[in-house]
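K.L.:
Got a file for you: upload02.cif, mmCIF, C-alpha atoms.
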```
data_structure
#
loop_
_atom_site.label_atom_id
_atom_site.label_comp_id
_atom_site.auth_asym_id
_atom_site.auth_seq_id
_atom_site.Cartn_x
_atom_site.Cartn_y
_atom_site.Cartn_z
CA MET A 17 -62.74 -83.82 62.96
CA ALA A 18 -61.32 -82.47 66.11
CA ASN A 19 -64.34 -81.84 68.20
CA GLU A 20 -67.81 -83.20 67.61
CA ALA A 21 -69.34 -80.22 69.33
CA LEU A 22 -68.06 -77.95 66.55
CA THR A 23 -70.19 -77.41 63.52
CA SER A 24 -68.54 -77.51 60.11
CA THR A 25 -68.56 -73.75 59.90
CA GLU A 26 -66.93 -73.42 63.29
CA TYR A 27 -64.36 -76.01 62.33
CA ILE A 28 -63.43 -74.12 59.19
CA ARG A 29 -63.35 -70.81 60.99
CA HIS A 30 -61.23 -72.26 63.75
CA HIS A 31 -58.73 -73.49 61.20
CA LEU A 32 -58.56 -70.17 59.40
CA GLN A 33 -57.98 -68.09 62.51
CA ASN A 34 -54.48 -67.06 63.52
CA LEU A 35 -53.30 -67.11 67.09
CA THR A 36 -53.05 -63.35 67.54
CA PHE A 37 -51.25 -61.52 70.27
CA GLY A 38 -52.09 -57.87 70.76
CA GLN A 39 -53.76 -55.23 72.85
CA HIS A 40 -57.33 -55.93 73.99
CA HIS A 41 -60.09 -53.33 74.10
CA ASP A 42 -59.59 -52.83 77.80
CA GLY A 43 -55.93 -51.96 77.27
CA SER A 44 -54.43 -55.23 78.48
CA TRP A 45 -52.11 -57.26 76.23
CA GLY A 46 -52.82 -60.89 75.46
CA LEU A 47 -53.97 -63.48 72.97
CA ALA A 48 -57.23 -62.93 71.12
CA HIS A 49 -59.99 -65.36 72.12
CA ASP A 50 -61.88 -65.19 68.84
CA ALA A 51 -61.79 -63.69 65.37
CA ALA A 52 -63.60 -60.51 66.38
CA GLU A 53 -61.17 -59.83 69.17
CA ALA A 54 -58.24 -60.44 66.85
CA ALA A 55 -59.68 -58.03 64.29
CA ASP A 56 -60.18 -55.50 67.05
CA MET A 57 -56.51 -55.46 67.91
CA GLY A 58 -55.72 -53.45 64.81
CA PHE A 59 -52.32 -53.28 63.19
CA TRP A 60 -50.16 -53.57 66.30
CA ALA A 61 -50.82 -57.22 66.89
CA ILE A 62 -48.81 -60.21 65.89
CA ASN A 63 -49.77 -63.65 64.62
CA VAL A 64 -47.87 -65.85 67.02
CA ASP A 65 -48.44 -69.06 65.05
CA SER A 66 -47.25 -67.62 61.73
CA MET A 67 -44.18 -66.08 63.28
CA ALA A 68 -43.35 -69.24 65.21
CA MET A 69 -43.73 -71.47 62.16
CA THR A 70 -41.73 -69.20 59.85
CA LEU A 71 -38.96 -68.77 62.38
CA VAL A 72 -38.77 -72.48 63.17
CA LEU A 73 -38.77 -73.44 59.49
CA GLY A 74 -36.31 -70.72 58.54
CA SER A 75 -33.99 -71.67 61.39
CA LEU A 76 -34.18 -75.34 60.43
CA LEU A 77 -33.36 -74.44 56.86
CA MET A 78 -30.41 -72.26 57.80
CA TRP A 79 -29.20 -74.74 60.42
CA PHE A 80 -29.18 -77.56 57.87
CA PHE A 81 -27.37 -75.63 55.16
CA ARG A 82 -25.00 -74.01 57.63
CA SER A 83 -24.01 -77.44 58.96
CA VAL A 84 -23.33 -78.52 55.38
CA ALA A 85 -21.41 -75.34 54.62
CA LYS A 86 -19.18 -75.90 57.65
CA LYS A 87 -18.08 -79.33 56.48
CA VAL A 88 -18.17 -78.65 52.77
CA GLN A 89 -15.26 -80.03 50.78
CA ALA A 90 -14.37 -79.96 47.12
CA GLY A 91 -13.79 -83.69 46.88
CA VAL A 92 -16.45 -86.28 46.21
CA PRO A 93 -19.61 -85.04 47.96
CA THR A 94 -21.57 -87.39 50.19
CA GLY A 95 -24.89 -87.44 51.96
CA ALA A 96 -26.21 -84.08 53.04
CA GLN A 97 -23.63 -82.20 50.98
CA ASN A 98 -24.84 -83.97 47.87
CA PHE A 99 -28.38 -82.86 48.51
CA ALA A 100 -27.35 -79.32 49.43
CA GLU A 101 -25.23 -79.02 46.30
CA TRP A 102 -28.07 -80.29 44.15
CA VAL A 103 -30.41 -77.62 45.55
CA ILE A 104 -27.83 -74.86 45.35
CA ASP A 105 -26.88 -75.81 41.82
CA PHE A 106 -30.52 -75.70 40.78
CA ILE A 107 -31.01 -72.24 42.29
CA ASN A 108 -27.72 -70.97 40.93
CA ASP A 109 -28.73 -72.09 37.44
CA SER A 110 -32.08 -70.33 37.78
CA VAL A 111 -30.38 -67.14 38.90
CA ARG A 112 -27.81 -67.24 36.12
CA GLY A 113 -30.54 -67.90 33.59
CA SER A 114 -32.63 -64.87 34.53
CA PHE A 115 -30.27 -62.42 36.17
CA SER A 116 -27.67 -60.80 33.96
CA GLY A 117 -26.20 -58.27 36.40
CA ARG A 118 -23.53 -58.75 39.01
CA ASN A 119 -24.88 -58.91 42.50
CA ALA A 120 -23.75 -61.32 45.18
CA MET A 121 -27.02 -60.94 47.04
CA VAL A 122 -29.43 -62.24 44.42
CA ALA A 123 -28.51 -65.92 44.57
CA PRO A 124 -28.68 -66.22 48.40
CA LEU A 125 -31.90 -64.23 48.28
CA ALA A 126 -33.39 -66.60 45.71
CA PHE A 127 -32.16 -69.56 47.75
CA THR A 128 -33.79 -68.30 50.92
CA ILE A 129 -37.04 -67.43 49.17
CA PHE A 130 -37.37 -70.72 47.36
CA LEU A 131 -36.56 -73.05 50.22
CA TRP A 132 -38.24 -71.07 52.94
CA ILE A 133 -41.49 -70.74 51.00
CA PHE A 134 -41.22 -74.38 49.99
CA LEU A 135 -40.96 -75.43 53.63
CA MET A 136 -43.85 -73.16 54.61
CA ASN A 137 -45.98 -74.60 51.84
CA LEU A 138 -44.88 -78.10 52.77
CA MET A 139 -46.68 -77.71 56.09
CA ASP A 140 -49.84 -78.02 54.01
CA LEU A 141 -49.10 -81.71 53.55
CA LEU A 142 -49.05 -82.44 57.26
CA PRO A 143 -52.29 -83.94 58.58
CA ILE A 144 -54.45 -80.91 58.96
CA ASP A 145 -55.29 -81.36 62.65
CA LEU A 146 -51.91 -82.67 63.83
CA ILE A 147 -50.15 -79.50 64.88
CA PRO A 148 -53.32 -77.61 65.92
CA GLU A 149 -54.22 -80.50 68.24
CA ILE A 150 -50.73 -80.52 69.71
CA ALA A 151 -50.98 -76.75 70.16
CA LYS A 152 -54.40 -77.13 71.74
CA PHE A 153 -53.05 -79.75 74.13
CA ILE A 154 -50.07 -77.65 75.12
CA GLY A 155 -52.11 -74.45 75.27
CA SER A 156 -54.79 -75.87 77.52
CA ASN A 157 -52.58 -78.00 79.74
CA VAL A 158 -49.44 -75.92 80.04
CA PHE A 159 -50.75 -72.37 79.71
CA GLY A 160 -54.24 -73.04 81.03
CA MET A 161 -55.96 -71.57 77.99
CA ASP A 162 -59.48 -72.23 76.81
CA PRO A 163 -59.04 -75.06 74.25
CA HIS A 164 -61.39 -73.30 71.86
CA ALA A 165 -59.27 -70.20 71.93
CA VAL A 166 -56.06 -71.99 70.92
CA PHE A 167 -55.92 -71.23 67.25
CA PHE A 168 -53.07 -72.50 65.18
CA LYS A 169 -52.63 -71.96 61.48
CA VAL A 170 -49.96 -74.40 60.44
CA VAL A 171 -49.20 -73.11 56.94
CA PRO A 172 -47.59 -69.69 57.28
CA SER A 173 -48.03 -68.93 53.58
CA THR A 174 -51.80 -68.96 54.07
CA ASP A 175 -51.33 -65.89 56.24
CA PRO A 176 -51.25 -62.81 53.99
CA ASN A 177 -49.01 -61.08 56.52
CA VAL A 178 -46.28 -63.57 55.75
CA THR A 179 -46.57 -63.38 51.98
CA PHE A 180 -46.87 -59.58 52.06
CA GLY A 181 -43.91 -59.37 54.37
CA MET A 182 -41.72 -61.27 51.94
CA ALA A 183 -43.10 -59.47 48.90
CA PHE A 184 -42.49 -56.07 50.51
CA GLY A 185 -38.98 -57.18 51.38
CA VAL A 186 -38.37 -58.04 47.75
CA PHE A 187 -40.04 -54.81 46.64
CA ALA A 188 -37.81 -52.78 48.95
CA LEU A 189 -34.77 -54.42 47.36
CA VAL A 190 -36.12 -53.75 43.87
CA MET A 191 -36.64 -50.07 44.71
CA TYR A 192 -33.23 -49.84 46.36
CA TYR A 193 -31.39 -51.26 43.37
CA THR A 194 -33.48 -49.34 40.85
CA ILE A 195 -32.54 -46.06 42.50
CA LYS A 196 -28.97 -47.13 43.20
CA ILE A 197 -28.30 -48.11 39.60
CA LYS A 198 -30.47 -45.74 37.62
CA GLY A 199 -30.59 -42.85 40.07
CA VAL A 200 -33.71 -40.97 41.12
CA SER A 201 -33.96 -39.29 37.73
CA GLY A 202 -33.63 -42.60 35.94
CA PHE A 203 -36.33 -44.08 38.11
CA ALA A 204 -38.57 -41.07 37.49
CA ALA A 205 -37.90 -41.30 33.76
CA GLU A 206 -38.79 -44.96 33.82
CA LEU A 207 -42.07 -44.10 35.49
CA THR A 208 -43.06 -41.22 33.23
CA LEU A 209 -41.39 -41.41 29.82
CA GLN A 210 -42.53 -44.84 28.72
CA PRO A 211 -44.26 -46.84 27.29
CA PHE A 212 -45.57 -43.86 25.23
CA GLU A 213 -42.68 -41.90 23.79
CA SER A 214 -42.52 -38.96 21.46
CA LYS A 215 -39.92 -36.63 20.03
CA ASN A 216 -42.43 -33.80 20.13
CA ILE A 217 -42.02 -31.95 23.43
CA VAL A 218 -45.71 -31.11 23.77
CA LEU A 219 -46.74 -34.69 23.20
CA LYS A 220 -44.03 -35.80 25.60
CA ILE A 221 -45.43 -33.67 28.37
CA LEU A 222 -48.91 -34.80 27.50
CA PHE A 223 -47.85 -38.43 27.80
CA ILE A 224 -46.30 -38.02 31.25
CA PRO A 225 -49.49 -38.46 33.33
CA ILE A 226 -50.68 -41.34 31.17
CA ASN A 227 -47.33 -43.06 31.43
CA PHE A 228 -47.18 -42.43 35.12
CA ILE A 229 -50.56 -44.03 35.75
CA LEU A 230 -49.63 -47.11 33.71
CA GLU A 231 -46.16 -47.51 35.15
CA PHE A 232 -47.19 -46.81 38.72
CA VAL A 233 -49.87 -49.47 38.58
CA SER A 234 -47.45 -51.97 37.13
CA LEU A 235 -44.89 -51.06 39.78
CA ILE A 236 -47.34 -51.51 42.65
CA ALA A 237 -48.68 -54.68 41.03
CA LYS A 238 -45.29 -56.34 41.49
CA PRO A 239 -45.35 -56.91 45.26
CA ILE A 240 -49.13 -57.26 45.38
CA SER A 241 -49.25 -59.95 42.72
CA LEU A 242 -46.20 -61.65 44.17
CA SER A 243 -47.75 -62.00 47.61
CA LEU A 244 -51.37 -62.54 46.61
CA ARG A 245 -50.47 -65.28 44.12
CA LEU A 246 -48.73 -67.29 46.81
CA PHE A 247 -51.32 -66.51 49.43
CA GLY A 248 -54.25 -67.33 47.15
CA ASN A 249 -52.84 -70.63 46.00
CA MET A 250 -51.93 -71.81 49.46
CA TYR A 251 -55.13 -70.54 51.05
CA ALA A 252 -57.25 -72.33 48.46
CA GLY A 253 -55.25 -75.51 48.87
CA GLU A 254 -55.55 -75.36 52.64
CA MET A 255 -59.27 -74.71 52.29
CA ILE A 256 -59.72 -77.85 50.23
CA PHE A 257 -57.81 -79.88 52.81
CA ILE A 258 -60.12 -78.49 55.49
CA LEU A 259 -63.21 -79.36 53.45
CA ILE A 260 -61.88 -82.87 52.85
CA ALA A 261 -61.21 -83.18 56.57
CA ILE A 262 -64.86 -82.39 57.29
CA MET A 263 -65.84 -85.45 55.25
CA PHE A 264 -64.11 -87.68 57.78
CA SER A 265 -66.87 -87.08 60.29
CA ALA A 266 -69.72 -87.78 57.86
CA GLY A 267 -69.91 -91.56 57.97
CA ALA A 268 -67.78 -94.42 56.69
CA VAL A 269 -68.52 -93.95 52.98
CA MET A 270 -67.79 -90.25 53.02
CA ALA A 271 -64.72 -90.81 55.19
CA SER A 272 -63.21 -93.33 52.79
CA LEU A 273 -64.05 -91.08 49.85
CA GLY A 274 -62.42 -88.29 51.82
CA GLY A 275 -59.32 -90.44 52.29
CA VAL A 276 -59.03 -90.96 48.53
CA LEU A 277 -59.56 -87.26 47.88
CA GLN A 278 -57.03 -86.37 50.55
CA VAL A 279 -54.34 -88.49 48.96
CA GLY A 280 -55.18 -87.24 45.46
CA TRP A 281 -55.19 -83.60 46.48
CA ALA A 282 -51.98 -84.01 48.49
CA ILE A 283 -50.18 -85.49 45.49
CA PHE A 284 -51.43 -82.70 43.28
CA HIS A 285 -50.53 -80.20 45.96
CA ILE A 286 -46.89 -81.30 45.98
CA LEU A 287 -46.72 -79.79 42.50
CA ILE A 288 -48.43 -76.58 43.59
CA ILE A 289 -46.29 -75.94 46.65
CA THR A 290 -43.09 -76.42 44.66
CA LEU A 291 -44.37 -74.39 41.75
CA GLN A 292 -45.48 -71.49 43.93
CA ALA A 293 -42.14 -71.37 45.69
CA PHE A 294 -40.40 -71.48 42.31
CA ILE A 295 -42.61 -68.75 40.84
CA PHE A 296 -41.97 -66.47 43.81
CA MET A 297 -38.24 -67.02 43.43
CA THR A 298 -38.16 -66.58 39.66
CA LEU A 299 -40.25 -63.40 39.74
CA THR A 300 -37.98 -62.00 42.43
CA ILE A 301 -34.97 -62.66 40.24
CA VAL A 302 -36.69 -61.14 37.21
CA TYR A 303 -37.76 -58.00 39.11
CA LEU A 304 -34.24 -57.55 40.43
CA ASP A 305 -32.86 -58.08 36.95
CA MET A 306 -35.16 -55.36 35.65
CA ALA A 307 -33.95 -53.10 38.44
CA HIS A 308 -30.36 -53.68 37.31
CA HIS A 309 -31.03 -52.98 33.64
CA GLU A 310 -30.25 -49.58 32.24
CA HIS A 311 -32.44 -48.49 29.39
CA MET B 9 -56.73 -62.96 58.51
CA ASN B 10 -56.00 -59.40 59.50
CA LEU B 11 -53.04 -57.45 58.28
CA ASN B 12 -51.00 -56.60 61.32
CA ALA B 13 -47.47 -56.21 62.62
CA THR B 14 -46.71 -59.76 61.53
CA ILE B 15 -45.75 -58.15 58.20
CA ILE B 16 -42.97 -56.25 59.92
CA GLY B 17 -41.88 -59.28 61.90
CA GLN B 18 -41.82 -61.32 58.73
CA MET B 19 -39.78 -58.68 56.89
CA ILE B 20 -37.23 -58.60 59.70
CA ALA B 21 -37.00 -62.40 59.82
CA PHE B 22 -36.68 -62.46 56.04
CA ALA B 23 -33.86 -59.93 56.10
CA ILE B 24 -32.04 -61.84 58.84
CA PHE B 25 -32.32 -65.15 57.03
CA VAL B 26 -31.19 -63.69 53.72
CA ALA B 27 -28.24 -61.99 55.40
CA PHE B 28 -27.31 -65.18 57.22
CA CYS B 29 -27.53 -67.19 54.03
CA MET B 30 -25.52 -64.59 52.14
CA LYS B 31 -22.78 -64.57 54.75
CA TYR B 32 -22.53 -68.09 56.11
CA VAL B 33 -24.24 -70.51 53.75
CA TRP B 34 -23.87 -69.45 50.16
CA PRO B 35 -20.18 -68.47 49.89
CA PRO B 36 -18.58 -71.63 51.37
CA ILE B 37 -20.74 -73.98 49.33
CA MET B 38 -20.25 -72.00 46.12
CA ALA B 39 -16.52 -71.85 46.80
CA ALA B 40 -16.44 -75.63 47.16
CA LEU B 41 -18.43 -76.05 43.95
CA GLU B 42 -16.13 -73.72 42.06
CA GLU B 43 -13.08 -75.43 43.46
CA ARG B 44 -14.41 -78.77 42.31
CA THR B 45 -15.18 -77.37 38.88
CA LYS B 46 -11.63 -76.12 38.67
CA LYS B 47 -10.25 -79.43 39.90
CA ILE B 48 -12.20 -81.33 37.29
CA ALA B 49 -11.13 -78.94 34.57
CA ASP B 50 -7.51 -79.26 35.69
CA GLY B 51 -7.84 -83.03 35.80
CA LEU B 52 -9.22 -83.14 32.28
CA ALA B 53 -6.47 -80.86 31.04
CA ALA B 54 -3.87 -83.02 32.76
CA ALA B 55 -5.35 -86.14 31.22
CA GLU B 56 -5.26 -84.50 27.80
CA ARG B 57 -1.66 -83.47 28.35
CA GLY B 58 -0.82 -86.97 29.55
CA ARG B 59 -2.34 -88.51 26.45
CA HIS B 60 -0.43 -86.11 24.27
CA GLU B 61 2.81 -86.93 26.05
CA GLN B 62 2.11 -90.62 25.75
CA GLN B 63 1.65 -90.22 22.01
CA LEU B 64 4.90 -88.34 21.77
CA ALA B 65 6.68 -90.97 23.84
CA GLU B 66 5.28 -93.71 21.65
CA LYS B 67 6.49 -91.94 18.58
CA ARG B 68 9.89 -91.44 20.13
CA ALA B 69 10.06 -95.06 21.20
CA GLN B 70 9.25 -96.18 17.70
CA GLN B 71 11.93 -93.91 16.36
CA VAL B 72 14.44 -95.34 18.81
CA ILE B 73 13.47 -98.89 17.83
CA HIS B 74 13.82 -97.99 14.18
CA GLU B 75 17.26 -96.50 14.74
CA ALA B 76 18.32 -99.49 16.78
CA LYS B 77 17.21 -101.82 14.01
CA ASP B 78 19.13 -99.81 11.45
CA GLN B 79 22.19 -99.85 13.64
CA ALA B 80 21.92 -103.56 14.22
CA ASN B 81 21.62 -104.19 10.48
CA GLU B 82 24.64 -102.04 9.84
CA ILE B 83 26.66 -103.84 12.51
CA ILE B 84 25.67 -107.20 11.08
CA SER B 85 26.61 -106.25 7.54
CA GLN B 86 29.87 -104.73 8.78
CA ALA B 87 30.67 -107.91 10.65
CA GLN B 88 29.88 -109.98 7.58
CA ARG B 89 32.09 -107.79 5.48
CA ARG B 90 34.86 -107.97 8.05
CA GLY B 91 34.49 -111.75 8.23
CA ASN B 92 34.78 -112.07 4.50
CA GLU B 93 37.80 -109.85 4.58
CA ILE B 94 39.40 -111.98 7.26
CA VAL B 95 38.69 -115.13 5.31
CA ASP B 96 40.16 -113.60 2.17
CA GLU B 97 43.18 -112.33 4.05
CA SER B 98 43.90 -115.70 5.60
CA LYS B 99 43.42 -117.36 2.25
CA ASP B 100 45.96 -115.00 0.74
CA SER B 101 48.43 -115.38 3.55
CA ALA B 102 48.05 -119.15 3.48
CA ARG B 103 48.73 -119.19 -0.24
CA ILE B 104 51.75 -116.94 0.13
CA GLU B 105 53.03 -119.05 3.00
CA GLY B 106 52.53 -122.16 0.96
CA GLU B 107 54.36 -120.72 -1.96
CA ARG B 108 57.15 -119.59 0.29
CA ILE B 109 57.45 -123.06 1.83
CA LEU B 110 57.34 -124.55 -1.63
CA THR B 111 60.09 -122.35 -3.01
CA SER B 112 62.33 -122.84 0.00
CA ALA B 113 61.79 -126.58 -0.24
CA GLN B 114 62.63 -126.47 -3.93
CA ALA B 115 65.76 -124.42 -3.20
CA GLU B 116 66.83 -126.87 -0.56
CA ILE B 117 66.20 -129.76 -2.88
CA GLU B 118 68.28 -128.08 -5.56
CA GLN B 119 71.03 -127.37 -3.05
CA GLU B 120 71.05 -130.97 -1.88
CA ALA B 121 71.13 -132.16 -5.46
CA ASN B 122 74.04 -129.86 -6.29
CA ARG B 123 75.93 -131.01 -3.21
CA ALA B 124 75.30 -134.60 -4.11
CA LYS B 125 76.45 -133.93 -7.69
CA ASP B 126 79.65 -132.28 -6.41
CA GLU B 127 80.37 -135.18 -4.07
CA LEU B 128 79.60 -137.63 -6.78
CA ARG B 129 81.90 -135.82 -9.14
CA LEU B 130 84.70 -135.87 -6.58
CA GLN B 131 84.19 -139.53 -5.91
CA VAL B 132 83.96 -140.27 -9.61
CA GLY B 133 87.30 -138.35 -10.09
CA SER B 134 89.04 -140.32 -7.38
CA ILE B 135 87.55 -143.57 -8.65
CA ALA B 136 88.68 -142.72 -12.12
CA MET B 137 92.12 -141.84 -10.86
CA ALA B 138 92.36 -145.03 -8.88
CA GLY B 139 91.21 -146.87 -12.00
CA ALA B 140 93.74 -145.10 -14.16
CA ALA B 141 96.57 -145.71 -11.63
CA LYS B 142 95.74 -149.34 -11.60
CA ILE B 143 95.72 -149.35 -15.36
CA LEU B 144 98.96 -147.50 -15.69
CA GLY B 145 100.53 -149.38 -12.82
CA ARG B 146 102.05 -146.43 -11.40
CA GLU B 147 101.36 -143.67 -9.12
CA ILE B 148 100.10 -140.77 -10.89
CA ASP B 149 101.75 -137.75 -9.73
CA LYS B 150 98.95 -135.85 -8.28
CA GLU B 151 100.89 -132.67 -8.50
CA ALA B 152 101.80 -133.23 -12.13
CA HIS B 153 98.32 -134.15 -13.22
CA THR B 154 96.28 -131.82 -11.18
CA ASP B 155 95.20 -129.80 -14.14
CA LEU B 156 94.35 -132.97 -16.00
CA LEU B 157 92.32 -134.24 -13.08
CA ASP B 158 90.54 -130.97 -12.70
CA GLU B 159 89.68 -131.02 -16.36
CA LEU B 160 88.35 -134.52 -15.89
CA VAL B 161 86.33 -133.56 -12.84
CA GLY B 162 84.98 -130.64 -14.80
CA GLN B 163 83.88 -132.91 -17.63
CA ILE B 164 82.03 -135.32 -15.35
#
```
As structure tokens, how would this structure be written, given the file I've shared?

P.N.:
Amino acid sequence: MANEALTSTEYIRHHLQNLTFGQHHDGSWGLAHDAAEAADMGFWAINVDSMAMTLVLGSLLMWFFRSVAKKVQAGVPTGAQNFAEWVIDFINDSVRGSFSGRNAMVAPLAFTIFLWIFLMNLMDLLPIDLIPEIAKFIGSNVFGMDPHAVFFKVVPSTDPNVTFGMAFGVFALVMYYTIKIKGVSGFAAELTLQPFESKNIVLKILFIPINFILEFVSLIAKPISLSLRLFGNMYAGEMIFILIAIMFSAGAVMASLGGVLQVGWAIFHILIITLQAFIFMTLTIVYLDMAHHEH
Amino acid sequence: MNLNATIIGQMIAFAIFVAFCMKYVWPPIMAALEERTKKIADGLAAAERGRHEQQLAEKRAQQVIHEAKDQANEIISQAQRRGNEIVDESKDSARIEGERILTSAQAEIEQEANRAKDELRLQVGSIAMAGAAKILGREIDKEAHTDLLDELVGQI
């Protein structure tokens, strides 16, 4: 545990608080010093830690694959190219398996989603206090901040802003392609004329509001479920890591038990982080495939 | 855990990363993969073609060997036939030559014998004449008894 002066509750809260930059009550701009201040900042605030982590991870990802792409050759692949080709082949197969249309954007989109989310989730496997302690050290020594006010949430996918951001991005693409391929009337028909259909014109009109309610809910459920599934899984996993970390300060027996639990949960979590990234990717492909399908 | 402008920031970052990947990462790697796929396919096709050609060549080679064997057999049998012919021919010519030598020898022998007979006859005539002259004690007039002598010579 980082600081003996913290109670368990404070420790958990500290770990679940983003480093938020926004406008204070008095009109000045700056970092929030506690959760209440962060909540006070309203919508026009930004989670510095989430943005920093996602940008660093995304840049790393793109830098690695770009460096491979620069040197790529059709001969016998070696080293990094081998790995990159393995990943790209896997994603390409997934896309071809689920997406029947022709769109050059879907595969790179799926690639970015899968690997980026995977890297974000992977941060869960780092020792839970490692990066927050480094951030605390830098924050207090370089920027002269109050050590207690340096929050740092390491796993960006435990920040709903991040998962919603990606899900809304995907949703925007789904809407764009739905309207591009089926037209506004096709989209409207999809929303109102199914699943209940009838040849009788009166019944047809009668069914429109019912259909609309059903279809609209299922439409809105797409981005919400996409983002909340990832967020929920990662948040719960992170929570368990935090709870296990608390055990380390509760005596030798509890600490060793905590060590065993930590390893066990981490191994299990490897499955979850990969699976969640894969689910996000696959659902994105499926939604886009649905958007490309004419009825 | 508040919803705030991070959503927008995340959407922008997401869009940038996807665009970057779509432009600079995905196409070159996919192009390399496709090129390799094509290369392998070409290689397999070439190997198949090569095997086919090898089979054809083998067949042709066997055919050539077969023809060569046939030709060799023919040449051998021709040579044997020719050899036999030559042997027969020389046998014939030798026999003819022998016969010719034999007949000429016989003719010569006959000639010699005839000449000897003639000489003998002449000598016998003169001996007989000499004998008769001695017996008669007088010179036989050769002129007067020519026809008698000739008759005598003819009798001998």

K.L.:
Could you tell me, as a ChimeraX atom specification, exactly which residues end up selected when the PyMOL selection byres ((chain B) within 6 of (chain A)) is applied to this structure?

P.N.:
/B:11-15,18-19,26,29-30,33,36-37,40,43-44

K.L.:
Please dump the current selection as a PDB file, keeping the file's coordinate frame; keep C-alpha atoms.

P.N.:
```pdb
ATOM      1  CA  LEU B  11     -53.040 -57.450  58.280  1.00  0.00           C
ATOM      2  CA  ASN B  12     -51.000 -56.600  61.320  1.00  0.00           C
ATOM      3  CA  ALA B  13     -47.470 -56.210  62.620  1.00  0.00           C
ATOM      4  CA  THR B  14     -46.710 -59.760  61.530  1.00  0.00           C
ATOM      5  CA  ILE B  15     -45.750 -58.150  58.200  1.00  0.00           C
ATOM      6  CA  GLN B  18     -41.820 -61.320  58.730  1.00  0.00           C
ATOM      7  CA  MET B  19     -39.780 -58.680  56.890  1.00  0.00           C
ATOM      8  CA  VAL B  26     -31.190 -63.690  53.720  1.00  0.00           C
ATOM      9  CA  CYS B  29     -27.530 -67.190  54.030  1.00  0.00           C
ATOM     10  CA  MET B  30     -25.520 -64.590  52.140  1.00  0.00           C
ATOM     11  CA  VAL B  33     -24.240 -70.510  53.750  1.00  0.00           C
ATOM     12  CA  PRO B  36     -18.580 -71.630  51.370  1.00  0.00           C
ATOM     13  CA  ILE B  37     -20.740 -73.980  49.330  1.00  0.00           C
ATOM     14  CA  ALA B  40     -16.440 -75.630  47.160  1.00  0.00           C
ATOM     15  CA  GLU B  43     -13.080 -75.430  43.460  1.00  0.00           C
ATOM     16  CA  ARG B  44     -14.410 -78.770  42.310  1.00  0.00           C
TER      17      ARG B  44
END
```

K.L.:
Using only C-alpha atoms, pick whichever of A:Leu35, A:Asp50, A:Ala205, A:Ser44 has the shortest atom-to-atom distance to Lys152 in chain A.

P.N.:
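Among the listed residues, the smallest separation from Lys152 in chain A belongs to A:Leu35.
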
K.L.:
Find the residues around range 296-308 of chain A up to 10 Å (all atoms listed in the file counted), leave out those fewer than 4 positions away in its own chain, and share them as a short mmCIF file (atom, residue, chain, number, x, y, z; two decimals) with C-alpha atoms, in the coordinates of the input.

P.N.:
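Written out: selection-v2.cif:
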```
data_model
loop_
_atom_site.label_atom_id
_atom_site.label_comp_id
_atom_site.auth_asym_id
_atom_site.auth_seq_id
_atom_site.Cartn_x
_atom_site.Cartn_y
_atom_site.Cartn_z
CA ILE A 107 -31.01 -72.24 42.29
CA SER A 110 -32.08 -70.33 37.78
CA VAL A 111 -30.38 -67.14 38.90
CA ARG A 112 -27.81 -67.24 36.12
CA GLY A 113 -30.54 -67.90 33.59
CA SER A 114 -32.63 -64.87 34.53
CA PHE A 115 -30.27 -62.42 36.17
CA SER A 116 -27.67 -60.80 33.96
CA GLY A 117 -26.20 -58.27 36.40
CA ARG A 118 -23.53 -58.75 39.01
CA ASN A 119 -24.88 -58.91 42.50
CA VAL A 122 -29.43 -62.24 44.42
CA ALA A 123 -28.51 -65.92 44.57
CA LEU A 125 -31.90 -64.23 48.28
CA ALA A 126 -33.39 -66.60 45.71
CA PHE A 127 -32.16 -69.56 47.75
CA THR A 128 -33.79 -68.30 50.92
CA ILE A 129 -37.04 -67.43 49.17
CA PHE A 130 -37.37 -70.72 47.36
CA LEU A 131 -36.56 -73.05 50.22
CA ILE A 133 -41.49 -70.74 51.00
CA THR A 179 -46.57 -63.38 51.98
CA MET A 182 -41.72 -61.27 51.94
CA ALA A 183 -43.10 -59.47 48.90
CA VAL A 186 -38.37 -58.04 47.75
CA PHE A 187 -40.04 -54.81 46.64
CA LEU A 189 -34.77 -54.42 47.36
CA VAL A 190 -36.12 -53.75 43.87
CA MET A 191 -36.64 -50.07 44.71
CA TYR A 192 -33.23 -49.84 46.36
CA TYR A 193 -31.39 -51.26 43.37
CA THR A 194 -33.48 -49.34 40.85
CA ILE A 195 -32.54 -46.06 42.50
CA LYS A 196 -28.97 -47.13 43.20
CA ILE A 197 -28.30 -48.11 39.60
CA LYS A 198 -30.47 -45.74 37.62
CA PHE A 203 -36.33 -44.08 38.11
CA LEU A 235 -44.89 -51.06 39.78
CA LYS A 238 -45.29 -56.34 41.49
CA PRO A 239 -45.35 -56.91 45.26
CA SER A 241 -49.25 -59.95 42.72
CA LEU A 242 -46.20 -61.65 44.17
CA SER A 243 -47.75 -62.00 47.61
CA ARG A 245 -50.47 -65.28 44.12
CA LEU A 246 -48.73 -67.29 46.81
CA LEU A 291 -44.37 -74.39 41.75
CA GLN A 292 -45.48 -71.49 43.93
#
```

K.L.:
Starting from the PyMOL selection byres ((chain A and resi 223) around 9), expand the selection into actual residues of this file and give them as a list in words.

P.N.:
Thr208, Leu209, Gln210, Phe212, Glu213, Ser214, Val218, Leu219, Lys220, Ile221, Leu222, Ile224, Pro225, Ile226, Asn227 and Phe228 of chain A
